[in-house]
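A.B. asks: So here's protein-v7.cif (mmCIF, C-alpha atoms).
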data_structure
#
loop_
_atom_site.label_atom_id
_atom_site.label_comp_id
_atom_site.auth_asym_id
_atom_site.auth_seq_id
_atom_site.Cartn_x
_atom_site.Cartn_y
_atom_site.Cartn_z
CA MET A 1 0.62 -13.87 27.43
CA TYR A 2 -1.75 -11.16 26.19
CA THR A 3 -1.75 -7.38 26.11
CA LYS A 4 -4.30 -4.72 25.25
CA LEU A 5 -3.65 -1.75 23.02
CA GLU A 6 -4.94 1.46 24.48
CA LYS A 7 -8.54 2.27 23.66
CA LEU A 8 -9.30 4.09 20.46
CA LEU A 9 -11.12 7.37 21.03
CA VAL A 10 -12.71 8.44 17.75
CA GLN A 11 -13.14 12.18 17.45
CA ASP A 12 -16.93 11.91 17.41
CA LYS A 13 -16.68 10.65 21.04
CA LEU A 14 -17.36 7.01 20.12
CA LYS A 15 -15.25 4.72 22.31
CA LEU A 16 -14.22 1.33 21.00
CA ASP A 17 -12.68 -1.51 22.97
CA THR A 18 -9.54 -2.87 21.39
CA PHE A 19 -9.04 -6.55 20.93
CA SER A 20 -6.38 -8.74 22.51
CA ILE A 21 -3.39 -9.76 20.46
CA PRO A 22 -1.04 -12.54 21.56
CA ILE A 23 2.49 -11.44 22.33
CA GLY A 24 5.61 -13.56 22.42
CA GLU A 25 4.69 -16.29 19.93
CA SER A 26 7.72 -18.19 18.68
CA PHE A 27 6.68 -18.26 15.02
CA GLY A 28 4.54 -16.00 12.89
CA GLN A 29 3.94 -12.63 11.26
CA VAL A 30 3.89 -14.33 7.86
CA HIS A 31 3.31 -12.07 4.90
CA ILE A 32 4.06 -12.22 1.19
CA SER A 33 4.91 -9.63 -1.43
CA LEU A 34 5.56 -9.63 -5.16
CA ALA A 35 9.27 -9.84 -5.93
CA GLY A 36 9.90 -9.49 -9.63
CA ARG A 37 8.54 -11.44 -12.54
CA ASP A 38 6.80 -14.68 -11.47
CA HIS A 39 8.23 -14.56 -7.94
CA VAL A 40 6.90 -13.95 -4.45
CA ARG A 41 8.83 -13.08 -1.31
CA VAL A 42 7.77 -14.84 1.90
CA THR A 43 8.60 -13.05 5.15
CA TRP A 44 8.17 -14.37 8.69
CA ILE A 45 9.74 -14.00 12.14
CA THR A 46 10.97 -16.60 14.63
CA GLU A 47 12.29 -16.25 18.15
CA ASP A 48 14.44 -19.33 17.54
CA LYS A 49 17.61 -18.03 15.89
CA HIS A 50 18.46 -21.50 14.55
CA VAL A 51 15.47 -21.80 12.20
CA ASP A 52 16.52 -21.98 8.55
CA SER A 53 15.40 -19.30 6.10
CA ARG A 54 13.72 -21.89 3.92
CA VAL A 55 10.29 -22.20 2.31
CA GLU A 56 8.80 -25.41 0.95
CA PHE A 57 5.93 -25.00 -1.50
CA GLY A 58 3.70 -26.82 -3.95
CA LYS A 59 0.27 -26.84 -5.59
CA GLN A 60 -1.30 -29.42 -3.28
CA PRO A 61 -1.84 -29.25 0.48
CA GLY A 62 0.96 -30.99 2.36
CA LYS A 63 2.88 -31.84 -0.81
CA TYR A 64 5.87 -29.60 -1.38
CA ASN A 65 7.79 -30.37 -4.56
CA ALA A 66 9.94 -27.24 -4.42
CA VAL A 67 12.09 -25.51 -1.85
CA ALA A 68 13.83 -22.14 -1.76
CA THR A 69 16.30 -20.62 0.65
CA GLY A 70 16.81 -16.95 1.37
CA GLU A 71 18.27 -14.47 3.80
CA HIS A 72 17.57 -13.27 7.29
CA THR A 73 18.12 -10.20 9.39
CA SER A 74 17.37 -8.79 12.84
CA TYR A 75 17.69 -5.45 14.56
CA HIS A 76 17.92 -3.75 17.95
CA TYR A 77 16.07 -0.65 19.03
CA PHE A 78 17.11 0.52 22.47
CA PHE A 79 16.30 -2.44 24.76
CA TYR A 80 14.22 -4.24 22.16
CA SER A 81 15.68 -7.10 20.10
CA SER A 82 13.69 -8.43 17.17
CA GLY A 83 13.34 -12.07 16.35
CA LYS A 84 15.02 -13.60 13.33
CA ILE A 85 13.36 -11.98 10.29
CA HIS A 86 13.34 -14.33 7.31
CA HIS A 87 12.98 -13.25 3.67
CA VAL A 88 12.75 -16.01 1.07
CA LYS A 89 12.04 -15.42 -2.62
CA ILE A 90 10.22 -18.32 -4.27
CA GLY A 91 9.46 -19.04 -7.91
CA PRO A 92 9.05 -19.01 -10.81
CA LEU A 93 5.34 -19.35 -10.10
CA GLU A 94 2.35 -19.76 -12.38
CA ALA A 95 -0.18 -16.96 -12.57
CA ALA A 96 -3.63 -17.24 -10.95
CA THR A 97 -2.55 -20.38 -9.11
CA THR A 98 -2.93 -21.40 -5.47
CA TYR A 99 0.28 -22.51 -3.75
CA TYR A 100 0.63 -24.14 -0.35
CA TYR A 101 3.75 -23.39 1.66
CA ARG A 102 5.52 -23.99 4.94
CA CYS A 103 8.18 -21.77 6.47
CA GLY A 104 11.39 -22.94 8.11
CA GLY A 105 10.66 -26.65 7.72
CA TYR A 106 8.01 -26.74 10.44
CA GLY A 107 4.96 -24.90 11.66
CA PRO A 108 1.55 -24.44 10.07
CA GLU A 109 0.79 -24.64 6.38
CA PHE A 110 -0.24 -21.44 4.60
CA SER A 111 -1.55 -20.82 1.12
CA PHE A 112 -1.67 -17.93 -1.31
CA ARG A 113 -2.94 -17.28 -4.81
CA THR A 114 -0.74 -15.57 -7.36
CA PRO A 115 -2.21 -12.65 -9.32
CA PRO A 116 -3.44 -13.17 -12.88
CA SER A 117 -1.15 -12.53 -15.83
CA SER A 118 -3.78 -10.49 -17.66
CA PHE A 119 -6.95 -8.53 -17.02
CA PRO A 120 -9.17 -8.41 -15.08
CA ILE A 121 -7.27 -7.73 -11.85
CA GLU A 122 -8.49 -6.24 -8.58
CA PHE A 123 -6.55 -4.23 -5.99
CA ALA A 124 -7.68 -3.65 -2.42
CA VAL A 125 -6.42 -0.23 -1.27
CA VAL A 126 -6.15 0.69 2.41
CA GLY A 127 -4.17 3.51 4.01
CA ASP A 128 -3.23 4.33 7.61
CA LEU A 129 -4.18 0.90 8.88
CA GLY A 130 -3.09 0.71 12.53
CA GLN A 131 -4.42 -1.95 14.91
CA THR A 132 -7.74 -1.01 16.44
CA GLU A 133 -11.26 -2.37 16.29
CA TRP A 134 -11.77 -0.28 13.16
CA THR A 135 -8.67 -1.94 11.66
CA LYS A 136 -10.14 -5.32 12.42
CA SER A 137 -13.42 -4.32 10.79
CA THR A 138 -11.66 -2.95 7.69
CA LEU A 139 -9.62 -6.12 7.23
CA GLU A 140 -12.69 -8.30 7.66
CA HIS A 141 -14.49 -6.28 5.00
CA VAL A 142 -11.51 -6.53 2.65
CA GLY A 143 -11.33 -10.28 3.18
CA SER A 144 -15.05 -10.83 2.67
CA ARG A 145 -14.60 -10.33 -1.09
CA ASP A 146 -11.91 -11.70 -3.32
CA TYR A 147 -9.07 -9.54 -4.64
CA ASP A 148 -5.60 -10.08 -6.08
CA VAL A 149 -3.17 -7.58 -4.51
CA PHE A 150 -3.31 -5.40 -1.37
CA LEU A 151 -1.91 -1.85 -1.67
CA LEU A 152 -1.06 0.22 1.42
CA PRO A 153 0.13 3.84 0.98
CA GLY A 154 1.88 4.19 4.33
CA ASP A 155 1.32 4.11 8.11
CA LEU A 156 1.19 0.42 8.90
CA SER A 157 1.50 -0.49 12.58
CA TYR A 158 1.53 2.91 14.33
CA ALA A 159 4.28 1.49 16.51
CA ASP A 160 5.96 4.90 16.79
CA SER A 161 9.13 3.39 18.29
CA GLN A 162 7.24 0.95 20.55
CA GLN A 163 8.71 -2.08 18.83
CA PRO A 164 6.40 -4.78 20.30
CA LEU A 165 3.59 -3.08 18.39
CA TRP A 166 5.31 -4.10 15.16
CA ASP A 167 5.02 -7.71 16.32
CA SER A 168 1.35 -7.40 17.25
CA PHE A 169 0.65 -5.76 13.89
CA GLY A 170 2.40 -8.62 12.08
CA ARG A 171 0.19 -11.13 13.84
CA LEU A 172 -2.94 -9.07 13.25
CA VAL A 173 -2.50 -8.92 9.46
CA GLU A 174 -1.07 -12.43 9.00
CA PRO A 175 -4.40 -14.09 8.06
CA TYR A 176 -4.69 -11.67 5.14
CA ALA A 177 -1.08 -10.87 4.26
CA SER A 178 -0.13 -14.56 4.09
CA GLN A 179 -2.80 -15.20 1.43
CA ARG A 180 -2.41 -12.24 -0.95
CA PRO A 181 0.61 -10.06 -1.79
CA TRP A 182 0.83 -6.93 0.36
CA MET A 183 2.65 -4.06 -1.33
CA VAL A 184 3.37 -1.14 0.98
CA THR A 185 5.18 2.16 1.11
CA GLU A 186 6.23 4.13 4.16
CA GLY A 187 4.33 6.81 6.06
CA ASN A 188 5.38 9.23 8.77
CA HIS A 189 4.67 6.68 11.53
CA GLU A 190 7.35 4.40 10.06
CA ILE A 191 10.16 6.96 10.44
CA GLU A 192 11.04 6.23 14.10
CA ILE A 193 13.98 8.63 14.25
CA PHE A 194 15.69 9.25 17.58
CA PRO A 195 18.29 12.05 17.71
CA ILE A 196 21.94 10.94 17.61
CA ILE A 197 21.13 7.23 18.14
CA TYR A 198 18.75 6.44 15.26
CA GLN A 199 19.17 9.35 12.86
CA GLU A 200 18.30 7.66 9.57
CA GLY A 201 14.96 6.16 10.55
CA PHE A 202 12.90 3.32 9.08
CA LYS A 203 14.94 0.67 10.89
CA ALA A 204 12.00 -1.59 11.78
CA TYR A 205 10.13 -0.91 8.55
CA ASN A 206 13.05 -1.78 6.29
CA ALA A 207 13.89 -4.93 8.26
CA ARG A 208 10.32 -6.25 8.42
CA TRP A 209 8.69 -5.09 5.18
CA LEU A 210 11.19 -5.76 2.44
CA MET A 211 9.74 -4.71 -0.90
CA PRO A 212 11.06 -5.41 -4.46
CA TYR A 213 13.16 -2.26 -4.72
CA GLU A 214 16.22 -4.03 -6.08
CA GLU A 215 14.11 -5.83 -8.67
CA SER A 216 12.88 -2.43 -9.93
CA GLY A 217 16.31 -0.81 -10.07
CA SER A 218 15.86 1.30 -6.93
CA THR A 219 18.55 1.68 -4.31
CA SER A 220 16.09 2.21 -1.45
CA ASN A 221 13.31 0.16 0.10
CA LEU A 222 11.43 3.45 0.48
CA TYR A 223 10.50 3.65 -3.22
CA TYR A 224 10.12 1.02 -5.93
CA SER A 225 7.80 -0.24 -8.65
CA PHE A 226 6.33 -3.52 -9.86
CA GLU A 227 4.21 -4.80 -12.70
CA VAL A 228 1.26 -7.14 -12.37
CA ALA A 229 -1.11 -8.17 -15.15
CA GLY A 230 -1.33 -4.98 -17.28
CA ALA A 231 -0.64 -2.48 -14.52
CA HIS A 232 2.59 -0.71 -13.58
CA VAL A 233 2.46 0.31 -9.91
CA ILE A 234 4.89 2.87 -8.47
CA MET A 235 5.35 3.25 -4.71
CA LEU A 236 6.93 6.62 -3.90
CA GLY A 237 8.51 7.78 -0.65
CA SER A 238 7.10 10.96 0.88
CA TYR A 239 9.74 10.92 3.65
CA THR A 240 12.95 10.59 1.69
CA ASP A 241 14.53 13.05 -0.76
CA PHE A 242 12.44 13.75 -3.86
CA GLU A 243 13.88 16.93 -5.38
CA SER A 244 15.23 16.88 -8.94
CA ASP A 245 18.78 16.08 -7.81
CA SER A 246 17.69 13.21 -5.55
CA ASP A 247 18.13 9.49 -6.17
CA GLN A 248 14.37 8.96 -5.97
CA TYR A 249 13.66 11.57 -8.63
CA LYS A 250 16.32 10.18 -10.97
CA TRP A 251 15.04 6.65 -10.39
CA LEU A 252 11.48 7.73 -11.18
CA VAL A 253 12.57 9.31 -14.46
CA GLY A 254 14.22 6.03 -15.44
CA ASP A 255 11.27 3.95 -14.26
CA PHE A 256 8.83 5.95 -16.34
CA GLY A 257 11.16 5.55 -19.31
CA ARG A 258 10.97 1.77 -19.05
CA ILE A 259 7.17 1.55 -19.10
CA ASP A 260 5.64 0.10 -22.25
CA ARG A 261 2.03 1.34 -22.30
CA LYS A 262 1.15 -1.26 -24.92
CA LYS A 263 1.95 -4.01 -22.40
CA THR A 264 0.98 -2.11 -19.25
CA PRO A 265 -1.67 0.45 -20.24
CA TRP A 266 -2.39 1.36 -16.61
CA VAL A 267 0.03 3.31 -14.40
CA ILE A 268 -0.80 3.72 -10.70
CA VAL A 269 1.17 5.71 -8.10
CA LEU A 270 0.98 5.45 -4.31
CA LEU A 271 2.51 7.84 -1.78
CA HIS A 272 1.67 8.88 1.75
CA ALA A 273 1.17 12.65 2.05
CA PRO A 274 -1.51 13.75 -0.46
CA TRP A 275 -0.71 16.38 -3.05
CA TYR A 276 -4.32 17.55 -3.16
CA ASN A 277 -6.36 17.84 0.01
CA THR A 278 -9.41 19.88 1.07
CA ASN A 279 -9.43 18.50 4.62
CA THR A 280 -8.21 20.89 7.31
CA ALA A 281 -5.82 18.18 8.55
CA HIS A 282 -2.28 18.08 7.15
CA GLN A 283 -2.81 21.01 4.81
CA GLY A 284 0.10 21.56 2.43
CA GLU A 285 2.28 18.71 3.72
CA GLY A 286 2.57 17.13 0.27
CA GLU A 287 3.02 20.40 -1.59
CA SER A 288 6.82 20.38 -1.92
CA MET A 289 6.73 16.84 -3.33
CA ARG A 290 3.96 17.83 -5.72
CA LYS A 291 5.99 20.76 -7.03
CA ALA A 292 9.04 18.53 -7.48
CA MET A 293 7.39 15.53 -9.15
CA GLU A 294 3.97 16.40 -10.55
CA ASP A 295 5.30 17.23 -14.02
CA LEU A 296 6.85 13.77 -14.26
CA LEU A 297 3.56 12.06 -13.41
CA TYR A 298 1.63 14.25 -15.84
CA GLU A 299 3.99 13.65 -18.73
CA ALA A 300 3.92 9.91 -18.03
CA ARG A 301 0.10 9.93 -18.10
CA VAL A 302 -0.32 8.37 -14.66
CA ASP A 303 -3.92 7.22 -14.27
CA VAL A 304 -4.48 7.30 -10.50
CA VAL A 305 -2.56 8.58 -7.46
CA PHE A 306 -3.48 7.08 -4.07
CA ALA A 307 -2.43 8.78 -0.84
CA GLY A 308 -3.01 8.32 2.89
CA HIS A 309 -2.03 10.50 5.87
CA VAL A 310 -5.36 12.38 6.09
CA HIS A 311 -7.76 10.16 8.05
CA ALA A 312 -10.69 10.53 5.70
CA TYR A 313 -11.72 9.67 2.15
CA GLU A 314 -11.59 12.13 -0.73
CA ARG A 315 -11.71 11.73 -4.52
CA PHE A 316 -10.74 14.47 -6.96
CA THR A 317 -11.38 14.92 -10.65
CA ARG A 318 -8.47 14.44 -13.06
CA ILE A 319 -6.15 17.23 -12.07
CA TYR A 320 -2.80 18.84 -12.85
CA ASN A 321 -1.20 21.95 -11.38
CA ASN A 322 -4.27 22.74 -9.27
CA LYS A 323 -6.60 22.74 -12.28
CA ALA A 324 -8.96 20.19 -13.79
CA ASP A 325 -7.15 18.47 -16.64
CA PRO A 326 -8.51 15.49 -18.61
CA CYS A 327 -4.99 14.10 -18.99
CA GLY A 328 -3.96 14.37 -15.36
CA PRO A 329 -4.32 11.59 -12.79
CA VAL A 330 -7.28 11.09 -10.50
CA HIS A 331 -6.08 11.82 -6.94
CA ILE A 332 -7.67 9.76 -4.17
CA THR A 333 -6.98 10.08 -0.45
CA ILE A 334 -7.72 6.87 1.43
CA GLY A 335 -6.11 7.30 4.85
CA ASP A 336 -9.10 5.80 6.62
CA GLY A 337 -8.08 2.21 7.37
CA GLY A 338 -8.52 2.25 11.14
CA ASN A 339 -5.75 4.20 12.86
CA ARG A 340 -5.78 4.95 16.59
CA GLU A 341 -5.78 8.74 16.12
CA GLY A 342 -9.36 8.89 14.90
CA LEU A 343 -10.90 10.57 11.88
CA ALA A 344 -10.11 13.93 10.29
CA LEU A 345 -13.65 15.24 10.57
CA THR A 346 -13.40 18.75 9.16
CA PHE A 347 -13.20 19.74 5.51
CA LYS A 348 -12.60 23.24 4.17
CA ASN A 349 -15.59 25.27 3.01
CA PRO A 350 -16.73 26.21 0.51
CA PRO A 351 -15.87 22.90 -1.18
CA SER A 352 -13.59 22.92 -4.19
CA SER A 353 -15.05 22.04 -7.59
CA LEU A 354 -12.05 19.75 -8.04
CA SER A 355 -13.13 17.56 -5.12
CA LEU A 356 -15.93 15.25 -6.24
CA TYR A 357 -16.55 13.21 -3.08
CA ARG A 358 -15.29 13.54 0.49
CA GLU A 359 -16.29 11.88 3.75
CA PRO A 360 -14.64 11.36 7.15
CA SER A 361 -15.40 7.67 7.69
CA PHE A 362 -13.31 4.52 8.03
CA GLY A 363 -13.26 2.23 5.02
CA HIS A 364 -11.28 0.78 2.12
CA GLY A 365 -11.17 1.00 -1.66
CA ARG A 366 -11.20 -1.41 -4.57
CA LEU A 367 -9.76 -0.81 -8.01
CA ARG A 368 -10.89 -3.42 -10.51
CA ILE A 369 -9.20 -3.07 -13.89
CA LEU A 370 -11.36 -4.84 -16.44
CA ASP A 371 -9.21 -4.43 -19.56
CA GLU A 372 -6.70 -2.09 -21.17
CA LYS A 373 -9.26 0.71 -21.37
CA ARG A 374 -11.67 0.54 -18.43
CA ALA A 375 -11.47 0.27 -14.65
CA HIS A 376 -13.96 0.61 -11.81
CA TRP A 377 -13.11 2.32 -8.52
CA SER A 378 -15.27 2.02 -5.43
CA TRP A 379 -14.93 3.14 -1.83
CA GLN A 380 -16.48 0.92 0.81
CA ARG A 381 -17.52 2.67 4.03
CA ASN A 382 -17.19 0.70 7.26
CA ASN A 383 -20.63 0.42 8.79
CA ASP A 384 -20.29 -1.85 11.82
CA SER A 385 -20.74 -5.39 10.51
CA ASP A 386 -21.43 -4.33 6.92
CA SER A 387 -19.36 -2.73 4.19
CA VAL A 388 -21.34 -0.16 2.20
CA GLU A 389 -20.31 1.09 -1.26
CA ALA A 390 -20.51 4.85 -0.76
CA ASP A 391 -18.61 6.16 -3.79
CA GLU A 392 -17.84 4.68 -7.19
CA VAL A 393 -16.65 5.82 -10.61
CA TRP A 394 -15.58 4.37 -13.95
CA LEU A 395 -12.12 5.33 -15.23
CA ASP A 396 -10.63 5.29 -18.71
CA SER A 397 -6.93 4.53 -19.13
CA LEU A 398 -4.79 7.45 -20.25
CA GLY A 399 -2.47 4.91 -21.84
CA THR A 400 -5.08 4.26 -24.51
CA SER A 401 -6.29 7.86 -24.85
CA ASN A 402 -5.59 9.30 -28.30
CA ALA A 403 -6.42 12.80 -27.08
CA CYS A 404 -3.88 12.71 -24.25
CA ARG A 405 -1.29 11.17 -26.52
CA ARG A 406 -1.66 14.19 -28.81
CA ILE A 407 -0.74 16.50 -25.94
CA VAL A 408 2.59 14.72 -25.62
CA GLU A 409 3.09 15.35 -29.32
CA GLY A 410 2.36 19.07 -28.88
CA GLN A 411 -1.33 19.18 -29.85
CA GLU A 412 -4.29 20.36 -27.82
CA PRO A 413 -6.74 17.89 -26.24
CA SER A 414 -10.22 17.59 -27.70
CA LEU A 415 -12.13 16.53 -24.57
CA SER A 416 -13.44 18.38 -21.53
CA ALA A 417 -12.47 17.81 -17.91
CA ASN A 418 -15.74 16.06 -17.18
CA ASP A 419 -15.75 13.62 -20.09
CA GLU A 420 -14.25 10.77 -18.12
CA LEU A 421 -15.62 11.06 -14.63
#
Can you give me the file's structure in the form of structure tokens?
C.D. replies:
Amino acid sequence: MYTKLEKLLVQDKLKLDTFSIPIGESFGQVHISLAGRDHVRVTWITEDKHVDSRVEFGKQPGKYNAVATGEHTSYHYFFYSSGKIHHVKIGPLEAATTYYYRCGGYGPEFSFRTPPSSFPIEFAVVGDLGQTEWTKSTLEHVGSRDYDVFLLPGDLSYADSQQPLWDSFGRLVEPYASQRPWMVTEGNHEIEIFPIIYQEGFKAYNARWLMPYEESGSTSNLYYSFEVAGAHVIMLGSYTDFESDSDQYKWLVGDFGRIDRKKTPWVIVLLHAPWYNTNTAHQGEGESMRKAMEDLLYEARVDVVFAGHVHAYERFTRIYNNKADPCGPVHITIGDGGNREGLALTFKNPPSSLSLYREPSFGHGRLRILDEKRAHWSWQRNNDSDSVEADEVWLDSLGTSNACRRIVEGQEPSLSANDEL
């Protein structure tokens, strides 16, 4: 049986036909995520409640010399009942190695490649993904070039309480999410609160997209961190408490305290609502979180902050407290994955000197970290069948910056705001 998502009407009046997605399959929605040192979590959903939460895996096709068992869950949302959601953690695994695996003791064989243990490493970054023809184009462009880990700063399925859309999203991304780790954080479209009945929200998101929060010492699936190669990646929650007395804030303080910049010279943060934004859409929505947490990120010398929410692309200079600062993070808004709401077409004028590139187009980004000092960021604009590199910049790690280290020790920096970008 097939259904059609409603047609996407982009704000420039361009109509796009959506594609058909099969509904009601008995097995699928396979995706993987990193789950602590040398481990990967495999997630999939079955309609058959008797299927075991078991994954067989090995280094050769059809030959599984290891097996792991895990846990399962399910949930109800009004008249909707999910299938059996399986989460199985497998490992220890070797770095930069292809593994073949089968879920539940039957079904098709999948494969994935583990990330490298050292540089170089490449992240694909896509925000506000959705499930439209633009989504399909973005994913095809991402998959046309190799990468190691997929990062998504919120707004996944755009189900907005229509639970079957979570299932269609799971099937849509399976060809990509089953082959590379997908690390996600929540956006506003994941909240799905309904007064009195579902007051806490995130019921579907937490059940379906289990991230390594426990492995990172967090008590909530809405914020966590992980390390891969020489990068420490922090996924923050824009839609849970973040003030100085909150659990998230206290966890972040502890997480920063555990980072060893000699082993992980790069620190990357993802969140949904941008702290800096010159688009007219969603103005000021990340401001309270910025005021609560920006000092922590600055003192920890975070290199890059990725955000979504605004359906456009924008890259800022290194910035702190609304001023250019050579020791602040580069803020990048990349909420242009392919959502059904269209693009945020209007930017404020005159443009800010802090904003170095901005464009309301669908696309995705790539962060390739070459070594402990240098990384290359590029934004790829969707252009029908092609992916065009429209913006790019070289970045230097703050973890290896002697000048920024002197600020922590109470000395003044000796470089200008434009030295790095």
A.B. asks: On this file, the PyMOL selection byres ((chain A and resi 58-67) around 8) gives some set of residues; write that set as a PyMOL selection string.
C.D. replies: chain A and resi 54-57+68-69+90+97-101+109
A.B. asks: Output C-alpha atoms for every residue in the selection just made, as a short mmCIF file (atom, residue, chain, number, x, y, z; two decimals), in the coordinates of the input.
C.D. replies:
data_model
loop_
_atom_site.label_atom_id
_atom_site.label_comp_id
_atom_site.auth_asym_id
_atom_site.auth_seq_id
_atom_site.Cartn_x
_atom_site.Cartn_y
_atom_site.Cartn_z
CA ARG A 54 13.72 -21.89 3.92
CA VAL A 55 10.29 -22.20 2.31
CA GLU A 56 8.80 -25.41 0.95
CA PHE A 57 5.93 -25.00 -1.50
CA ALA A 68 13.83 -22.14 -1.76
CA THR A 69 16.30 -20.62 0.65
CA ILE A 90 10.22 -18.32 -4.27
CA THR A 97 -2.55 -20.38 -9.11
CA THR A 98 -2.93 -21.40 -5.47
CA TYR A 99 0.28 -22.51 -3.75
CA TYR A 100 0.63 -24.14 -0.35
CA TYR A 101 3.75 -23.39 1.66
CA GLU A 109 0.79 -24.64 6.38
#
A.B. asks: Which one is closest to Gly217 (chain A): A:His232, A:Lys84, A:Lys203, A:Lys250? Count only C-alpha atoms.
C.D. replies: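 Going through A:His232, A:Lys84, A:Lys203, A:Lys250 one by one, the smallest distance to Gly217 (chain A) is for A:Lys250.
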A.B. asks: Between A:Ser82, A:Asn382, A:Ser53, A:Ser397, which has the minimum distance to Val142 (chain A) (counting all atoms listed in the file)?
C.D. replies: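 Looking at the shortest contact to Val142 (chain A), the residue is A:Asn382.
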A.B. asks: Within 8 Å of Phe242 (chain A), counting all atoms listed in the file, which residues show up once you throw out same-chain ones fewer than 5 positions away? Write them as an MDAnalysis selection string, please.
C.D. replies: chainID A and resid 237 247:249 289 292:293
A.B. asks: Neighbouring residues of Gly365 (chain A) were defined as those with any atom within 9 Å, considering all atoms listed in the file; residues of the same chain fewer than 5 positions away were excluded. Please report them as a ChimeraX atom specification.
C.D. replies: /A:123-126,142,334,377-381
A.B. asks: Choose the residue, out of A:Pro120, A:Gly104, A:Pro175, A:Gly170, that has the smallest atom-to-atom separation from Leu370 (chain A); count only C-alpha atoms.
C.D. replies: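 Using only C-alpha atoms, the shortest distance to Leu370 (chain A) belongs to A:Pro120.
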A.B. asks: If you apply the PyMOL selection byres ((chain A and resi 192) around 7) to this file, what residues do you get, as a list in words?
C.D. replies: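 What the PyMOL selection byres ((chain A and resi 192) around 7) grabs from the file is Asp160, Ser161, His189, Glu190, Ile191, Ile193, Phe194, Gly201 and Phe202 of chain A.
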A.B. asks: With all atoms listed in the file as the atoms that count, which of A:Pro181, A:Pro153, A:Gly286, A:Pro326 lies nearest to Leu129 (chain A)?
C.D. replies: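 Among the listed residues, the smallest separation from Leu129 (chain A) belongs to A:Pro153.
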A.B. asks: List the neighbours of Ala312 (chain A) out to 6 Å using all atoms listed in the file; skip same-chain residues closer than 3 positions along the sequence, and give me the result as a list of chain:residue names.
C.D. replies: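 So, after excluding close chain neighbours, the residues are A:Gly335, A:Asp336, A:Ala344, A:Pro360, A:Ser361.
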A.B. asks: Run the PyMOL selection byres ((chain A and resi 296-299) around 10) mentally over the shown coordinates, then write out the matched residues as a PDB file with C-alpha atoms, in the frame of the given file, using the chain letters and numbers from the document.
C.D. replies:
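File written: part-v3.pdb
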ATOM      1  CA  TYR A 249      13.660  11.570  -8.630  1.00  0.00           C
ATOM      2  CA  LEU A 252      11.480   7.730 -11.180  1.00  0.00           C
ATOM      3  CA  VAL A 253      12.570   9.310 -14.460  1.00  0.00           C
ATOM      4  CA  PHE A 256       8.830   5.950 -16.340  1.00  0.00           C
ATOM      5  CA  VAL A 267       0.030   3.310 -14.400  1.00  0.00           C
ATOM      6  CA  ILE A 268      -0.800   3.720 -10.700  1.00  0.00           C
ATOM      7  CA  VAL A 269       1.170   5.710  -8.100  1.00  0.00           C
ATOM      8  CA  ARG A 290       3.960  17.830  -5.720  1.00  0.00           C
ATOM      9  CA  ALA A 292       9.040  18.530  -7.480  1.00  0.00           C
ATOM     10  CA  MET A 293       7.390  15.530  -9.150  1.00  0.00           C
ATOM     11  CA  GLU A 294       3.970  16.400 -10.550  1.00  0.00           C
ATOM     12  CA  ASP A 295       5.300  17.230 -14.020  1.00  0.00           C
ATOM     13  CA  ALA A 300       3.920   9.910 -18.030  1.00  0.00           C
ATOM     14  CA  ARG A 301       0.100   9.930 -18.100  1.00  0.00           C
ATOM     15  CA  VAL A 302      -0.320   8.370 -14.660  1.00  0.00           C
ATOM     16  CA  ASP A 303      -3.920   7.220 -14.270  1.00  0.00           C
ATOM     17  CA  VAL A 304      -4.480   7.300 -10.500  1.00  0.00           C
ATOM     18  CA  VAL A 305      -2.560   8.580  -7.460  1.00  0.00           C
ATOM     19  CA  ILE A 319      -6.150  17.230 -12.070  1.00  0.00           C
ATOM     20  CA  TYR A 320      -2.800  18.840 -12.850  1.00  0.00           C
ATOM     21  CA  ASN A 321      -1.200  21.950 -11.380  1.00  0.00           C
ATOM     22  CA  ASP A 325      -7.150  18.470 -16.640  1.00  0.00           C
ATOM     23  CA  CYS A 327      -4.990  14.100 -18.990  1.00  0.00           C
ATOM     24  CA  GLY A 328      -3.960  14.370 -15.360  1.00  0.00           C
ATOM     25  CA  PRO A 329      -4.320  11.590 -12.790  1.00  0.00           C
ATOM     26  CA  CYS A 404      -3.880  12.710 -24.250  1.00  0.00           C
ATOM     27  CA  ARG A 405      -1.290  11.170 -26.520  1.00  0.00           C
ATOM     28  CA  ILE A 407      -0.740  16.500 -25.940  1.00  0.00           C
ATOM     29  CA  VAL A 408       2.590  14.720 -25.620  1.00  0.00           C
TER      30      VAL A 408
END
A.B. asks: Do you have the CA of Glu133 (chain A)-CA of Gly107 (chain A) distance handy?
C.D. replies: 28.1 Å
